[in-house]
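**Q** Before anything else, here's the structure in question.
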Amino acid sequence: MKMLATFNVNGRDRDTVIAPHMTLADVLRDQLRLTGTKRACTGGNCGACTVLMDGVPVCSCIQLAVNARDRKIETVEGLAKPGGDLSALQEAFARNNAAQCGFCTSGMLMTAEALLRSNPRPTREEVKVAISGNICRCTGYVKIVDAIMEATAAAQEAAE
Amino acid sequence: MKTVRLSPADTDDLLYVGRDLQKPDVKKKVTGQAVYTEDIDMPGLAEGRLLHCPHPFARVKRIDTSKAEALPGVLAVLTAKDAPEARFSRSTMAEALPSFAFDGERQDQRILTDLCRYRGDCVAAVAAEDIYVAEQALDLIEVEYELLQPVFDPFEAMKPGAVAVHDDVKNNIAFEMDHPFNMGDTGKAFDEADVVVEFSGVNSRQKHLHMETDSAIAHFDETGRLTVISPSQGPHLGKKHLSERVFPDLNDGDIRWISPAIGGGFGARLALGLEPVAVLLARHTGRPIRVTSTREEDFNGYSSRTDQHQTVRLAAKSDGTVIGIEQHIVSDAGAYLSHSATTSLVNMQKSLGLFRCENVYGHVKVVYTNTPVTAGFRGYGNAEGAFVLQQAIDMLAERLGMDPIEIRAKNIRKEGEQSFFIPCKLEHSRLQECIDEGAKAFDWANKFRGWDRQKDEGRFKRGVGMSILNHASGAGGFLLEHSSAIMKVQADGSANLVISPCEMGQGILGALAQVAAELSGVPYDKIRIVTGDTDVTLFDIGSHASRSMFVVGNAVADCARKINAIIRERAVPHFEKRQIKVTPDQLVAKGGEIYPEGQPDKAIPIGEVAHDEIYNFSDAGAQITASGSYLSTSHHPNHQAAFAEVEVDTETGHVSVLRYLAAHDIGRAINPLLVESQMQGAAVQGLGFALKEDFVLDQKTGEVLNDTLLTYLAPTVMDVPELETLMIEDPFEKGPLGAKGVGEAGVVNPAAAVANAIYDAIGVRLHSVPMTPEKVLAMLQSGGAENPAGSSCVSGQRL
Amino acid sequence: MGRVLLPFEFYEPESVAEAIDLARRHSAPFIMGGCTLVPSLRRRQRREPCLVSLARIPGLDDFSIHPRTGMRLGAKVVASALLPHIWAGKRFAALHEACEQLYPPHIGNMGSIVGNLCSGVPYFDLPTAAMALDAELHVTGQGGDRVVKLEDFYTAKFQTVLSRGEVVTQVFCPPHKADSGSSFKKIYRSRRTIDDLHKLNAAAMVTLDEDRARIIDARVVLGSWSFRPHRYRAAEAVLVGEAPNFDLFEQAADAVLAELDPVTDLAWVEKTRFAQCRVLLRDTIAQAASRAKSRHDPFEDAAEILEDAS
């Protein structure tokens, strides 16, 4: 049961052929070759596959692609500024060594991105709650929270 | 982050070492550009999947693959009859071990089998044009099993008459030995002791939970040469093992092994994963094949800590001097041996060797059961051992009325003394300083309220505890501890650094580039690392045993010093052209420039010299290049002292870690940010081991019960306590710029320190990790009395 | 245990009637967020050759929450929709808390509350919380509409009173008296046997009289013990008519425990399960009572707002 589907990914419409049993993560990775989104548990339990759908974080590994048509999808590949410079959040992750093996990083970044858009001045505790569903096995989370805090509006203003 | 420098700082002279520089691969990781095995595409790539046995112990009576083969898009369906007869161990360590330990690594499994010894054993492999067809094909394979009586408990398995998991192994004892460094007369020591304590404990099979599940690509090119791409911590050993044990018709050089970005290792990738079956499928189909796995397959199949059932006995004089140590271990290997014998041996090596003692006896048995295969895990047995030993030493302190710090300080081995790595001396240790500085920062003197204090009133009770450790920094004399590096300078003064370590998140590439930059003179941001391809990199046993910083770091240092010398030598004519007469010895090459000592204003760029060596028609010489090597033979562990404060909810049994402080003897931090990252990550992984991560099998069916990230409780950000890290710096003269390894050890102390803190809070000792609320509650309800000895992981890891 | 899903037919009707017709004809289940269905299809715990999606049916994501009129949530309302809603937090705290504590939080953006209630997964949190709020489900099928109390909804593990072709279009929690409070809590555990569940969850609703001196109504629900959450009327009877206090809550918890059977045959596991359950129930009831007592949202204000709005 193949169908032609259009996905709006990172602001661009992309056409591809899908079947209803394909997940959004698999279509992004295998068909659209946006491999920054990772499959780690494929059960909606770890956050590694997080993408934004209409601005909110979802687990793309359990999201049927067919239900993601007509939605605005954002992946890690869309985070950098036009021209390729890293966003403030990405810079903060790099500066704090908040990415070790890097496999959870895309999901962490997308989850944090959604938080900072809806709450540009979160407390440390709010950051923790936001990423509480993103599992990282390397960092012990401290540097990730540090990085997100450095990317908040408050920290950015203080740095200026 | 705090650094305590024990010797005068020399960092002023250093441009790169000691600084928090960004590691070279971090930008790729924050943009999603880092390429992991599953991200790779290549022309003709087909997908492989495996069919796993759903029973713990069964013989395949009939297998019918015809429907699967008939499905359009299916390239091959293979079963045991198509797999080589050769037996192999998933552990690749056999290739790097001396014979006494190597003999322990039984080569005992096949790629595909018709006698399934656990639920993860593979009975068939499918290759198809895409993953969806591959999955449908798996679904069409019909298998009829003859069910065999399984055994899940190692103590049951050892009983006479128990079911044999492997026909050729008596009483399922796959491996048994006395520790090779046993010494003295423990019997006599225990007779003469003023005090004797004994403590038993067991650990759960903590899963590595590398976020990237296992996968592998195999491809035979037009000449028949094999390329393997997989997340391997040791690709050189991998290809040796694959050719030697699995496909004996292949030679070592017939295999090119590429290890791209790795989504976490923690010891699990020190093994063959899906590579053998990918090779088998590639052979049968003539196509590049990628085999992938799922998180559930990871839980039910290969890779976790080995559950080690241990008893430690200590004999001491009334002044607290330990005069005898005994350790007995029964380890449950699971269905195949893999790393479980060597991890048990390393547990003994660390546990028996921490304290200075003349009478030492260790004994280990490793047992087969019909349960998933266990493996080597960060710390390699040390965390398992510390949980028992560090509680035993606290019991001794309590009996003698001594402070836990005092009794440890009295007994630890000191620098210059005989180490337990006989016949090596202990060449470097700042463990005492770790204890002192850690205790000071933690305020131990006030926090520890003595052994006979009244426990807190009310529902929530607090306590503190500590633990110390020694851990390898490479295993000179025990493993093939040599490594080599190559550096070549490009015409613009940048350089390629060819090194073997695999980057699985530890940041080693950055640290090695910092060493190379410091010593070669090429700037840090101009060093481009080439790694992860056995056709390019030099032999190295891989990233494990906290060895890369020390062993590879020394090889890089050797190489970089040579580059620096060549640059200075070749620069002499460039200064002569400028009417400056110098000898190479009078020149300094640093930070991308060369200048006569004391005259940085006369500097010329390294690029000028490098360019002329390649592109000057009149007197081009040869591209500036060098290789360096290092062989480690000394014993110089890294050490740590850790302190924990906990609060126990006596109504639910829940333990909250309020504060955790670790002071780490690291030699020198090449990059403090990376070191602290490792310490924090290890501490949280260790706290997961201590309190949450429970791998339980159903005792009747052997089914893995916590096989998703929903039910297996991995630490989340909400579990992270106030973490404090102290780096105790005192450069070790043999280390590259003084560094020792640091990657693994942080995982060792948490369970031990938390267990001691729980005892301090509630007066009950826990005998099994993880110390889940239910176990704490059960012990509280019975006042510590309900402590049936000897049960296994199957019934919930209680001893 | 596959890595991907096996193929299925997929229909995307644009009306409830069409959806019911398709589901009946193909004997197909409905899919909303897919948070339960997709993983179970991948793991081959379920096999469905055909699915009917509710995604394109308009109107099902409407919701209204008000102290006077109750909480009415359409079939497609996702859990995170409740989080910023002031009356959800104040007057329907048990469900609000359960939604807030979904793991991982992303699921709240994907999974619908009705879908969660309908899945019949024994350890889910929202059914426990909704049962304490006296939730009822509005079911539409070929034979017409009916209303089913959540208490009467579950028949066996993963089974409900729904037959194929019947769809829950909304869930409704009635308004409750001014001095009421509700609460939800859970405790994670390790599974020890194949019948075991990895957590315990509980929800309670307590209503006080006008003087806030005595309990006049109570609902006590425990989930993750058997295949479905249960209300414990004996425990409620302990509470009603009494002045709220710690000992009373413990007695109510004990009344629940008296009705519970062990889950496994491991004595130590059951001892700790009962002990944890007692604390969980006691603290959940205590929190609900404390909220009832605090009356932080004057009911009169709500009435005025309602009049303004109408």
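Please note that chains go A, B, ... in the order of the structure tokens, that every chain numbers its residues from 1, and that ligands are numbered from 1 in the order shown.
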Which residues come within 12 Å of Tyr630 of chain B, counting only C-alpha atoms, excluding same-chain residues fewer than 5 positions away, as a list in words?
**A**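 Surrounding residues, per the criterion: Gly474, Gly476, Leu480, Glu481, His482, Ser483, Ser484, Ala485, Leu538, Phe539, Asp540, Arg547, Ser548, Met549, Phe550, Val551, Val552, Gly553, Asn554, Ala555, Val556, Ala557, Asp558, Cys559, Lys734, Gly735 and Pro736 of chain B.
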**Q** What are the residues of chain A that have an atom within 9 Å of an atom of chain B, counting only C-alpha atoms, as number ranges by chain?
**A** A: 22, 29-30, 33-46, 48, 75-80, 86, 90-91, 93-106, 109, 128-129, 131-143, 145
**Q** Could you list the residues in chain B lying within 10 Å of chain C, using only C-alpha atoms, and format the result as a ChimeraX atom specification?
**A** /B:49-52,131-136,138-139,292-297,651-654,692-706,710-713,772-779,781-782,786,794-796
**Q** Which residue is closest to Ser226 of chain C? Choose from C:Leu82, C:Ala253, C:Leu248, C:Ala156 and count only C-alpha atoms.
**A**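 Residue with the minimum atom-to-atom distance to Ser226 of chain C: C:Ala156.
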**Q** At a cut-off of 7 Å, list the chain C residues touching chain A, using only C-alpha atoms, as a ChimeraX atom specification.
**A** /C:5-10,34-35,38-39,103-107,109-110
**Q** Filtering to all heavy atoms, could you give me those residues as a compact mmCIF listing (two decimals), in the first residue's frame?
**A**
```
# COMPACT_ATOMS: atom_id res chain seq x y z
N LEU C 5 7.57 -2.40 11.45
CA LEU C 5 6.23 -2.98 11.48
C LEU C 5 6.00 -3.80 10.22
O LEU C 5 6.57 -3.53 9.16
CB LEU C 5 5.20 -1.85 11.54
CG LEU C 5 4.91 -1.22 12.90
CD1 LEU C 5 6.15 -0.58 13.50
CD2 LEU C 5 3.80 -0.19 12.79
N LEU C 6 5.14 -4.78 10.34
CA LEU C 6 4.71 -5.52 9.16
C LEU C 6 3.64 -4.70 8.44
O LEU C 6 2.95 -3.90 9.07
CB LEU C 6 4.15 -6.89 9.56
CG LEU C 6 5.17 -7.84 10.23
CD1 LEU C 6 4.48 -9.10 10.72
CD2 LEU C 6 6.29 -8.19 9.26
N PRO C 7 3.51 -4.88 7.13
CA PRO C 7 2.56 -4.05 6.37
C PRO C 7 1.11 -4.23 6.85
O PRO C 7 0.74 -5.30 7.34
CB PRO C 7 2.70 -4.57 4.94
CG PRO C 7 4.00 -5.28 4.90
CD PRO C 7 4.24 -5.81 6.28
N PHE C 8 0.34 -3.15 6.72
CA PHE C 8 -1.10 -3.24 7.00
C PHE C 8 -1.85 -2.28 6.08
O PHE C 8 -1.25 -1.35 5.52
CB PHE C 8 -1.41 -2.94 8.47
CG PHE C 8 -0.71 -1.73 9.03
CD1 PHE C 8 -1.08 -0.44 8.67
CD2 PHE C 8 0.34 -1.89 9.94
CE1 PHE C 8 -0.44 0.66 9.21
CE2 PHE C 8 1.00 -0.79 10.47
CZ PHE C 8 0.62 0.49 10.10
N GLU C 9 -3.13 -2.54 5.93
CA GLU C 9 -4.00 -1.60 5.22
C GLU C 9 -4.28 -0.44 6.16
O GLU C 9 -4.29 -0.61 7.39
CB GLU C 9 -5.33 -2.27 4.88
CG GLU C 9 -5.21 -3.44 3.94
CD GLU C 9 -5.06 -2.98 2.50
OE1 GLU C 9 -5.91 -2.19 2.04
OE2 GLU C 9 -4.08 -3.39 1.86
N PHE C 10 -4.51 0.73 5.60
CA PHE C 10 -4.66 1.91 6.44
C PHE C 10 -5.76 2.80 5.87
O PHE C 10 -5.71 3.17 4.70
CB PHE C 10 -3.33 2.67 6.47
CG PHE C 10 -3.24 3.73 7.51
CD1 PHE C 10 -3.07 3.41 8.85
CD2 PHE C 10 -3.31 5.08 7.16
CE1 PHE C 10 -2.96 4.39 9.82
CE2 PHE C 10 -3.21 6.07 8.13
CZ PHE C 10 -3.03 5.72 9.45
N GLY C 34 -1.12 6.36 18.49
CA GLY C 34 -0.33 5.17 18.15
C GLY C 34 0.73 4.82 19.18
O GLY C 34 1.51 3.88 18.98
N CYS C 35 0.76 5.54 20.30
CA CYS C 35 1.85 5.33 21.26
C CYS C 35 1.84 3.93 21.87
O CYS C 35 2.87 3.42 22.29
CB CYS C 35 1.77 6.36 22.38
SG CYS C 35 2.06 8.02 21.79
N VAL C 38 1.58 1.18 18.06
CA VAL C 38 2.75 1.04 17.18
C VAL C 38 3.85 0.17 17.81
O VAL C 38 4.32 -0.78 17.17
CB VAL C 38 3.27 2.43 16.72
CG1 VAL C 38 4.61 2.30 15.99
CG2 VAL C 38 2.25 3.11 15.82
N PRO C 39 4.25 0.45 19.06
CA PRO C 39 5.26 -0.44 19.64
C PRO C 39 4.79 -1.90 19.76
O PRO C 39 5.59 -2.82 19.57
CB PRO C 39 5.52 0.16 21.03
CG PRO C 39 5.08 1.57 20.93
CD PRO C 39 3.95 1.59 19.94
N TYR C 103 5.77 9.25 31.08
CA TYR C 103 7.17 9.07 30.72
C TYR C 103 7.28 8.44 29.34
O TYR C 103 6.66 7.42 29.11
CB TYR C 103 7.90 8.19 31.73
CG TYR C 103 9.33 8.00 31.32
CD1 TYR C 103 10.29 8.96 31.65
CD2 TYR C 103 9.72 6.92 30.52
CE1 TYR C 103 11.58 8.84 31.21
CE2 TYR C 103 11.01 6.80 30.08
CZ TYR C 103 11.94 7.76 30.42
OH TYR C 103 13.22 7.65 29.97
N PRO C 104 8.11 8.97 28.43
CA PRO C 104 8.74 10.28 28.53
C PRO C 104 7.72 11.38 28.25
O PRO C 104 6.67 11.11 27.69
CB PRO C 104 9.80 10.22 27.43
CG PRO C 104 9.25 9.29 26.41
CD PRO C 104 8.44 8.28 27.17
N PRO C 105 8.04 12.63 28.62
CA PRO C 105 7.06 13.71 28.45
C PRO C 105 6.58 13.85 27.00
O PRO C 105 5.46 14.28 26.78
CB PRO C 105 7.84 14.97 28.87
CG PRO C 105 9.01 14.49 29.64
CD PRO C 105 9.29 13.10 29.23
N HIS C 106 7.43 13.45 26.05
CA HIS C 106 7.05 13.55 24.63
C HIS C 106 5.74 12.83 24.34
O HIS C 106 4.98 13.24 23.47
CB HIS C 106 8.11 12.89 23.74
CG HIS C 106 9.51 13.36 23.99
ND1 HIS C 106 10.09 13.38 25.22
CD2 HIS C 106 10.44 13.82 23.13
CE1 HIS C 106 11.32 13.84 25.12
NE2 HIS C 106 11.56 14.11 23.87
N ILE C 107 5.50 11.76 25.08
CA ILE C 107 4.30 10.96 24.84
C ILE C 107 3.05 11.82 25.03
O ILE C 107 2.05 11.64 24.35
CB ILE C 107 4.28 9.74 25.80
CG1 ILE C 107 5.45 8.80 25.47
CG2 ILE C 107 2.97 9.00 25.75
CD1 ILE C 107 5.38 8.16 24.12
N ASN C 109 2.64 14.72 24.11
CA ASN C 109 2.37 15.48 22.89
C ASN C 109 1.79 14.62 21.77
O ASN C 109 1.34 15.14 20.76
CB ASN C 109 3.67 16.12 22.36
CG ASN C 109 4.25 17.11 23.34
OD1 ASN C 109 3.51 17.77 24.05
ND2 ASN C 109 5.57 17.20 23.38
N MET C 110 1.88 13.31 21.93
CA MET C 110 1.49 12.40 20.86
C MET C 110 0.23 11.62 21.19
O MET C 110 -0.65 11.43 20.36
CB MET C 110 2.59 11.37 20.60
CG MET C 110 3.96 11.94 20.38
SD MET C 110 5.20 10.62 20.26
CE MET C 110 4.77 9.89 18.69
```
**Q** For each of B:Ala386, B:Val588, B:Ala511, B:Ala622, take the minimum atom-to-atom distance to Val742 of chain B, counting only C-alpha atoms, then give the residue where this is smallest.
**A**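 Nearest candidate to Val742 of chain B out of B:Ala386, B:Val588, B:Ala511, B:Ala622: B:Ala511.
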**Q** Within 8 Å of segment 149-156 of chain A, counting only C-alpha atoms, which residues qualify if same-chain residues fewer than 2 places away don't, as a PDB file with N, CA, C and O atoms, in the first residue's frame?
**A**
```pdb
ATOM      1  N   ALA A  88      22.895  29.049  19.144  1.00  0.00           N
ATOM      2  CA  ALA A  88      23.424  29.266  20.494  1.00  0.00           C
ATOM      3  C   ALA A  88      23.360  27.980  21.315  1.00  0.00           C
ATOM      4  O   ALA A  88      24.262  27.670  22.093  1.00  0.00           O
ATOM      5  N   LEU A  89      22.297  27.224  21.101  1.00  0.00           N
ATOM      6  CA  LEU A  89      22.140  25.972  21.850  1.00  0.00           C
ATOM      7  C   LEU A  89      23.213  24.959  21.425  1.00  0.00           C
ATOM      8  O   LEU A  89      23.847  24.312  22.269  1.00  0.00           O
ATOM      9  N   ALA A  92      26.515  25.953  22.819  1.00  0.00           N
ATOM     10  CA  ALA A  92      26.619  25.660  24.252  1.00  0.00           C
ATOM     11  C   ALA A  92      26.879  24.178  24.482  1.00  0.00           C
ATOM     12  O   ALA A  92      27.645  23.801  25.363  1.00  0.00           O
ATOM     13  N   LEU A 116      13.129  25.918  25.042  1.00  0.00           N
ATOM     14  CA  LEU A 116      13.587  27.308  25.033  1.00  0.00           C
ATOM     15  C   LEU A 116      12.675  28.208  24.203  1.00  0.00           C
ATOM     16  O   LEU A 116      12.576  29.394  24.458  1.00  0.00           O
ATOM     17  N   PRO A 120      11.755  30.718  27.310  1.00  0.00           N
ATOM     18  CA  PRO A 120      13.137  31.143  27.049  1.00  0.00           C
ATOM     19  C   PRO A 120      13.979  31.321  28.303  1.00  0.00           C
ATOM     20  O   PRO A 120      15.176  31.414  28.208  1.00  0.00           O
ATOM     21  N   ARG A 121      13.311  31.398  29.472  1.00  0.00           N
ATOM     22  CA  ARG A 121      14.064  31.619  30.710  1.00  0.00           C
ATOM     23  C   ARG A 121      13.744  30.524  31.720  1.00  0.00           C
ATOM     24  O   ARG A 121      13.236  30.799  32.811  1.00  0.00           O
ATOM     25  N   PRO A 122      14.014  29.301  31.373  1.00  0.00           N
ATOM     26  CA  PRO A 122      13.667  28.214  32.305  1.00  0.00           C
ATOM     27  C   PRO A 122      14.622  28.183  33.493  1.00  0.00           C
ATOM     28  O   PRO A 122      15.763  28.643  33.397  1.00  0.00           O
ATOM     29  N   THR A 123      14.141  27.643  34.589  1.00  0.00           N
ATOM     30  CA  THR A 123      15.030  27.360  35.712  1.00  0.00           C
ATOM     31  C   THR A 123      15.746  26.040  35.422  1.00  0.00           C
ATOM     32  O   THR A 123      15.359  25.297  34.528  1.00  0.00           O
ATOM     33  N   ARG A 124      16.765  25.758  36.221  1.00  0.00           N
ATOM     34  CA  ARG A 124      17.499  24.497  36.061  1.00  0.00           C
ATOM     35  C   ARG A 124      16.544  23.306  36.241  1.00  0.00           C
ATOM     36  O   ARG A 124      16.631  22.306  35.542  1.00  0.00           O
ATOM     37  N   VAL A 127      14.466  22.772  33.168  1.00  0.00           N
ATOM     38  CA  VAL A 127      15.273  22.107  32.133  1.00  0.00           C
ATOM     39  C   VAL A 127      15.308  20.606  32.394  1.00  0.00           C
ATOM     40  O   VAL A 127      15.112  19.783  31.497  1.00  0.00           O
ATOM     41  N   VAL A 145      22.629  19.765  31.098  1.00  0.00           N
ATOM     42  CA  VAL A 145      21.839  20.800  31.765  1.00  0.00           C
ATOM     43  C   VAL A 145      22.621  22.113  31.779  1.00  0.00           C
ATOM     44  O   VAL A 145      22.068  23.188  31.509  1.00  0.00           O
ATOM     45  N   ASP A 146      23.921  22.023  32.054  1.00  0.00           N
ATOM     46  CA  ASP A 146      24.762  23.241  32.016  1.00  0.00           C
ATOM     47  C   ASP A 146      24.632  23.924  30.659  1.00  0.00           C
ATOM     48  O   ASP A 146      24.485  25.144  30.578  1.00  0.00           O
ATOM     49  N   ALA A 147      24.717  23.131  29.592  1.00  0.00           N
ATOM     50  CA  ALA A 147      24.694  23.690  28.238  1.00  0.00           C
ATOM     51  C   ALA A 147      23.358  24.370  27.966  1.00  0.00           C
ATOM     52  O   ALA A 147      23.312  25.487  27.443  1.00  0.00           O
ATOM     53  N   ALA A 158      23.174  37.928  29.482  1.00  0.00           N
ATOM     54  CA  ALA A 158      24.263  38.205  30.424  1.00  0.00           C
ATOM     55  C   ALA A 158      25.613  38.139  29.718  1.00  0.00           C
ATOM     56  O   ALA A 158      26.538  38.867  30.069  1.00  0.00           O
ATOM     57  N   ALA A 159      25.692  37.267  28.714  1.00  0.00           N
ATOM     58  CA  ALA A 159      26.964  37.083  28.014  1.00  0.00           C
ATOM     59  C   ALA A 159      27.255  38.257  27.076  1.00  0.00           C
ATOM     60  O   ALA A 159      28.392  38.488  26.696  1.00  0.00           O
ATOM     61  N   GLU A 160      26.202  38.960  26.706  1.00  0.00           N
ATOM     62  CA  GLU A 160      26.399  40.036  25.722  1.00  0.00           C
ATOM     63  C   GLU A 160      27.020  41.284  26.357  1.00  0.00           C
ATOM     64  O   GLU A 160      26.890  41.523  27.526  1.00  0.00           O
TER      65      GLU A 160
END
```
**Q** Write out as a list in words each polymer residue whose atoms come within 7 Å of Gly141 of chain C, counting only C-alpha atoms; drop sequence neighbours fewer than 2 positions from it.
**A** Ile20, Val139, Gly143, Gly144, Asp145, Gly165, Glu166 and Val167 of chain C
**Q** Would you list the contacts of Leu97 of chain B as a list in words, taking every protein, DNA or RNA residue within 12 Å and counting only C-alpha atoms, but skipping same-chain residues closer than 6 positions in sequence?
**A** Ser91, Asp103, Gly104, Glu105, Leu237, His339, Thr342, Ala475, Gly476, Gly477, Phe478, Leu479, Leu480, Glu481 and Ile541 of chain B
**Q** Among the residues of segment 33-98 of chain C, find those DSSP assigns to strand (DSSP E or B) from the backbone and print them as a PyMOL selection string.
**A** chain C and resi 50-53+63-66+70-74+78
**Q** Could you give me the residues within segment 72-290 of chain C that DSSP places in helix (DSSP H, G or I), as number ranges by chain?
**A** C: 79-82, 86-91, 93-100, 106-110, 113-119, 126-132, 150-152, 233-239, 246-257, 267-290
**Q** Show me, as a PyMOL selection string, the residues that have an atom within 10 Å of segment 388-405 of chain B when counting only C-alpha atoms, minus same-chain residues fewer than 5 positions from it.
**A** chain B and resi 194-203+309-320+322+325+327+351-352+354+383+410+432+435-436+439+444-445+448-452+465-469+641+749+751-757+759+765-768
**Q** Record the distance separating atom CA of Ile289 of chain B and atom CA of Glu47 of chain B, expressed in Å with one decimal.
**A**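 For atom CA of Ile289 of chain B relative to atom CA of Glu47 of chain B, the distance reads 5.6 Å.
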**Q** Which residues come within 10 Å of Tyr16 of chain B, counting only C-alpha atoms, excluding same-chain residues fewer than 5 positions away, as a ChimeraX atom specification?
**A** /B:11,21,511,513-519,523-524,591,670-671
**Q** Please determine, counting only C-alpha atoms, which residue among C:Ala234, C:Ala292, C:Val148, C:Ile285 has the shortest atom-to-atom distance to Arg212 of chain C.
**A**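 With only C-alpha atoms as the atom set, the closest residue is C:Ala292.
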